[in-house]
Amino acid sequence: MFRSFQTHFMDSPANFELLQAAEADFPTEYGPFRIYGFEGRTTVNGEVRLEEAVALRMGDVHNGAPPLVRIHSECLTGDVFHSLRCDCRAQLEIALEGVAAEGRGLIIYEHQEGRGIGLMNKLRAYELQDQGADTIEANERLGFESDLRNYALPGAILRHLGIRSVRLLSNNPDKVRALEEAGVTVAERVPCIAVEHESRRGYLETKREKMGHLFDSV
């Protein structure tokens, strides 16, 4: 399935175009996936803005109960270097293990480092956090909103792949709302809670208290 090399999806009225750039087999230590590359292009005042994402699909995501889905924002420091300042890598591992356990599901990995502020600004935010700011205060001192991400691209990817109902692995209610607005039903929000660690306790408390993320405990 999904063999077309270039697939366009227009999401009116946002002037958003989805391009499926590539797909390939993708064996991992969690099991065999199929990997898809996507580009989302939005034209604003004549300027084309590009966002990239990959999707990892395991098994049959169309038949049976709604598949397990994780929308994950890139985190070089956590996902690659195993940082304990955040829970990003832990959540990605929970998603990979969950999909593997069920033998079916989808993980969408977005290129939105640092909640959309980019890697260098994320490191500048770390520096401010070392001086006492929390994660939101640090972003704001750098001139950014607390979270610059949007989820138009994941919504378009799910619709392009023919997935209309999901069980969403997330603690973030904004992701639930975004998918519902994109026409994808969230049949269940599945908690994605990392093991407690003192290094990220303040970070998780800020996400819960200031951003409305849902945790049983931190």
# chains A, B, ... in the order shown; residues from 1 in each chain; ligands from 1
>>> residues_around(residues="segment 181-194 of chain A", least_positions_apart="6", cutoff="9 Å", atoms="only C-alpha atoms", output="number ranges by chain")
A: 11, 66, 68, 87-92, 94-95, 151-152, 155-156, 158-159, 163-171, 173, 214-218
>>> write_last_selection(atoms="N, CA and C atoms", output="compact mmCIF listing (two decimals), in the first residue's frame")
# COMPACT_ATOMS: atom_id res chain seq x y z
N ASP A 11 -5.30 20.92 2.28
CA ASP A 11 -6.14 21.08 3.46
C ASP A 11 -6.67 22.51 3.48
N PRO A 66 -9.09 0.85 16.55
CA PRO A 66 -8.23 1.98 16.16
C PRO A 66 -6.79 1.72 16.57
N LEU A 68 -2.82 2.16 17.71
CA LEU A 68 -2.06 2.97 18.63
C LEU A 68 -1.21 3.94 17.81
N ASP A 87 11.42 14.14 29.27
CA ASP A 87 10.92 12.77 29.19
C ASP A 87 10.73 12.30 27.76
N CYS A 88 11.36 12.99 26.80
CA CYS A 88 11.11 12.72 25.38
C CYS A 88 11.52 11.32 24.97
N ARG A 89 12.75 10.93 25.27
CA ARG A 89 13.20 9.60 24.86
C ARG A 89 12.35 8.52 25.54
N ALA A 90 12.04 8.72 26.80
CA ALA A 90 11.23 7.73 27.51
C ALA A 90 9.88 7.55 26.83
N GLN A 91 9.27 8.65 26.41
CA GLN A 91 7.97 8.56 25.74
C GLN A 91 8.10 7.87 24.38
N LEU A 92 9.18 8.16 23.65
CA LEU A 92 9.38 7.50 22.37
C LEU A 92 9.54 5.99 22.56
N ILE A 94 8.37 4.21 25.06
CA ILE A 94 7.06 3.67 25.44
C ILE A 94 6.22 3.43 24.20
N ALA A 95 6.28 4.37 23.24
CA ALA A 95 5.50 4.23 22.02
C ALA A 95 5.98 3.08 21.16
N TYR A 151 -0.03 20.97 14.72
CA TYR A 151 -0.15 19.55 14.37
C TYR A 151 -0.94 19.34 13.08
N ALA A 152 -0.86 20.33 12.18
CA ALA A 152 -1.51 20.18 10.88
C ALA A 152 -0.89 19.04 10.09
N GLY A 155 -1.98 15.48 11.34
CA GLY A 155 -3.37 15.26 10.96
C GLY A 155 -3.50 14.92 9.49
N ALA A 156 -2.75 15.64 8.65
CA ALA A 156 -2.79 15.38 7.21
C ALA A 156 -2.20 14.02 6.88
N LEU A 158 -2.17 11.31 8.80
CA LEU A 158 -3.12 10.27 9.18
C LEU A 158 -4.25 10.17 8.15
N ARG A 159 -4.74 11.29 7.69
CA ARG A 159 -5.81 11.27 6.70
C ARG A 159 -5.30 10.70 5.38
N ILE A 163 -6.26 6.71 7.92
CA ILE A 163 -6.52 6.41 9.33
C ILE A 163 -7.44 7.49 9.90
N ARG A 164 -8.65 7.12 10.24
CA ARG A 164 -9.66 8.10 10.67
C ARG A 164 -9.96 8.04 12.16
N SER A 165 -9.45 7.02 12.84
CA SER A 165 -9.68 6.88 14.27
C SER A 165 -8.44 6.27 14.89
N VAL A 166 -8.01 6.83 16.04
CA VAL A 166 -6.75 6.38 16.66
C VAL A 166 -6.91 6.27 18.17
N ARG A 167 -6.00 5.51 18.75
CA ARG A 167 -5.76 5.54 20.19
C ARG A 167 -4.45 6.30 20.36
N LEU A 168 -4.53 7.50 20.88
CA LEU A 168 -3.40 8.42 20.86
C LEU A 168 -2.57 8.31 22.14
N LEU A 169 -1.29 7.96 21.96
CA LEU A 169 -0.35 7.89 23.08
C LEU A 169 0.15 9.30 23.37
N SER A 170 -0.42 9.95 24.37
CA SER A 170 -0.03 11.33 24.64
C SER A 170 -0.56 11.78 25.99
N ASN A 171 0.17 12.72 26.59
CA ASN A 171 -0.30 13.39 27.80
C ASN A 171 -0.76 14.81 27.49
N PRO A 173 -3.22 17.45 25.87
CA PRO A 173 -4.57 17.61 25.32
C PRO A 173 -4.59 18.41 24.02
N LEU A 214 -1.39 16.02 31.12
CA LEU A 214 -2.10 15.14 32.04
C LEU A 214 -1.17 14.04 32.52
N PHE A 215 -0.90 14.04 33.83
CA PHE A 215 -0.04 13.03 34.44
C PHE A 215 -0.74 12.47 35.67
N ASP A 216 -0.58 11.17 35.89
CA ASP A 216 -1.06 10.59 37.15
C ASP A 216 -0.19 11.08 38.30
N SER A 217 1.13 11.20 38.03
CA SER A 217 2.08 11.71 39.02
C SER A 217 3.34 12.13 38.29
N VAL A 218 4.18 12.93 38.95
CA VAL A 218 5.47 13.31 38.36
C VAL A 218 6.54 13.17 39.42
>>> select_by_dssp(residues="chain A", states="helix (DSSP H, G or I)", output="ChimeraX atom specification")
/A:76-80,88-102,113-116,119-130,135-141,152-160,173-181,198-211
>>> closest_residue(among="A:Glu140, A:Glu39, A:Glu29, A:Glu74", to="Gln112 of chain A", atoms="only C-alpha atoms")
A:Glu74
>>> residues_around(residues="segment 52-56 of chain A", least_positions_apart="6", cutoff="6 Å", atoms="only C-alpha atoms", output="ChimeraX atom specification")
/A:33-39,106-111
>>> closest_residue(among="A:Gly143, A:Asp130, A:Arg41, A:Glu47", to="Gln20 of chain A", atoms="only C-alpha atoms")
A:Arg41
>>> atom_distance(atom1="atom CA of Met58 of chain A", atom2="atom CA of Ala101 of chain A")
10.6 Å
>>> atom_distance(atom1="atom CA of Gly103 of chain A", atom2="atom CA of Asp60 of chain A")
8.4 Å
>>> decode(residues="segment 162-203 of chain A", atoms="C-alpha atoms", output="short mmCIF file (atom, residue, chain, number, x, y, z; two decimals), in the first residue's frame")
data_model
loop_
_atom_site.label_atom_id
_atom_site.label_comp_id
_atom_site.auth_asym_id
_atom_site.auth_seq_id
_atom_site.Cartn_x
_atom_site.Cartn_y
_atom_site.Cartn_z
CA GLY A 162 -6.55 6.48 5.54
CA ILE A 163 -6.52 6.41 9.33
CA ARG A 164 -9.66 8.10 10.67
CA SER A 165 -9.68 6.88 14.27
CA VAL A 166 -6.75 6.38 16.66
CA ARG A 167 -5.76 5.54 20.19
CA LEU A 168 -3.40 8.42 20.86
CA LEU A 169 -0.35 7.89 23.08
CA SER A 170 -0.03 11.33 24.64
CA ASN A 171 -0.30 13.39 27.80
CA ASN A 172 -0.90 16.58 25.80
CA PRO A 173 -4.57 17.61 25.32
CA ASP A 174 -3.53 19.98 22.50
CA LYS A 175 -2.68 16.96 20.34
CA VAL A 176 -6.09 15.45 20.99
CA ARG A 177 -7.82 18.68 19.97
CA ALA A 178 -5.63 19.09 16.88
CA LEU A 179 -6.41 15.62 15.56
CA GLU A 180 -10.12 16.01 16.21
CA GLU A 181 -10.06 19.34 14.33
CA ALA A 182 -8.27 17.59 11.45
CA GLY A 183 -11.10 15.08 11.19
CA VAL A 184 -9.35 12.22 13.00
CA THR A 185 -11.29 10.70 15.89
CA VAL A 186 -9.33 10.09 19.08
CA ALA A 187 -11.12 6.99 20.33
CA GLU A 188 -8.87 6.85 23.40
CA ARG A 189 -6.08 8.92 24.91
CA VAL A 190 -3.48 6.47 26.19
CA PRO A 191 -1.19 7.95 28.90
CA CYS A 192 2.50 8.06 28.00
CA ILE A 193 4.14 8.61 31.37
CA ALA A 194 7.86 8.19 31.93
CA VAL A 195 9.39 6.66 35.03
CA GLU A 196 9.99 9.31 37.68
CA HIS A 197 13.46 10.83 37.79
CA GLU A 198 14.59 13.76 39.90
CA SER A 199 16.39 15.40 36.95
CA ARG A 200 13.12 15.97 35.10
CA ARG A 201 10.72 16.46 38.00
CA GLY A 202 10.57 20.25 37.64
CA TYR A 203 10.17 19.99 33.88
#
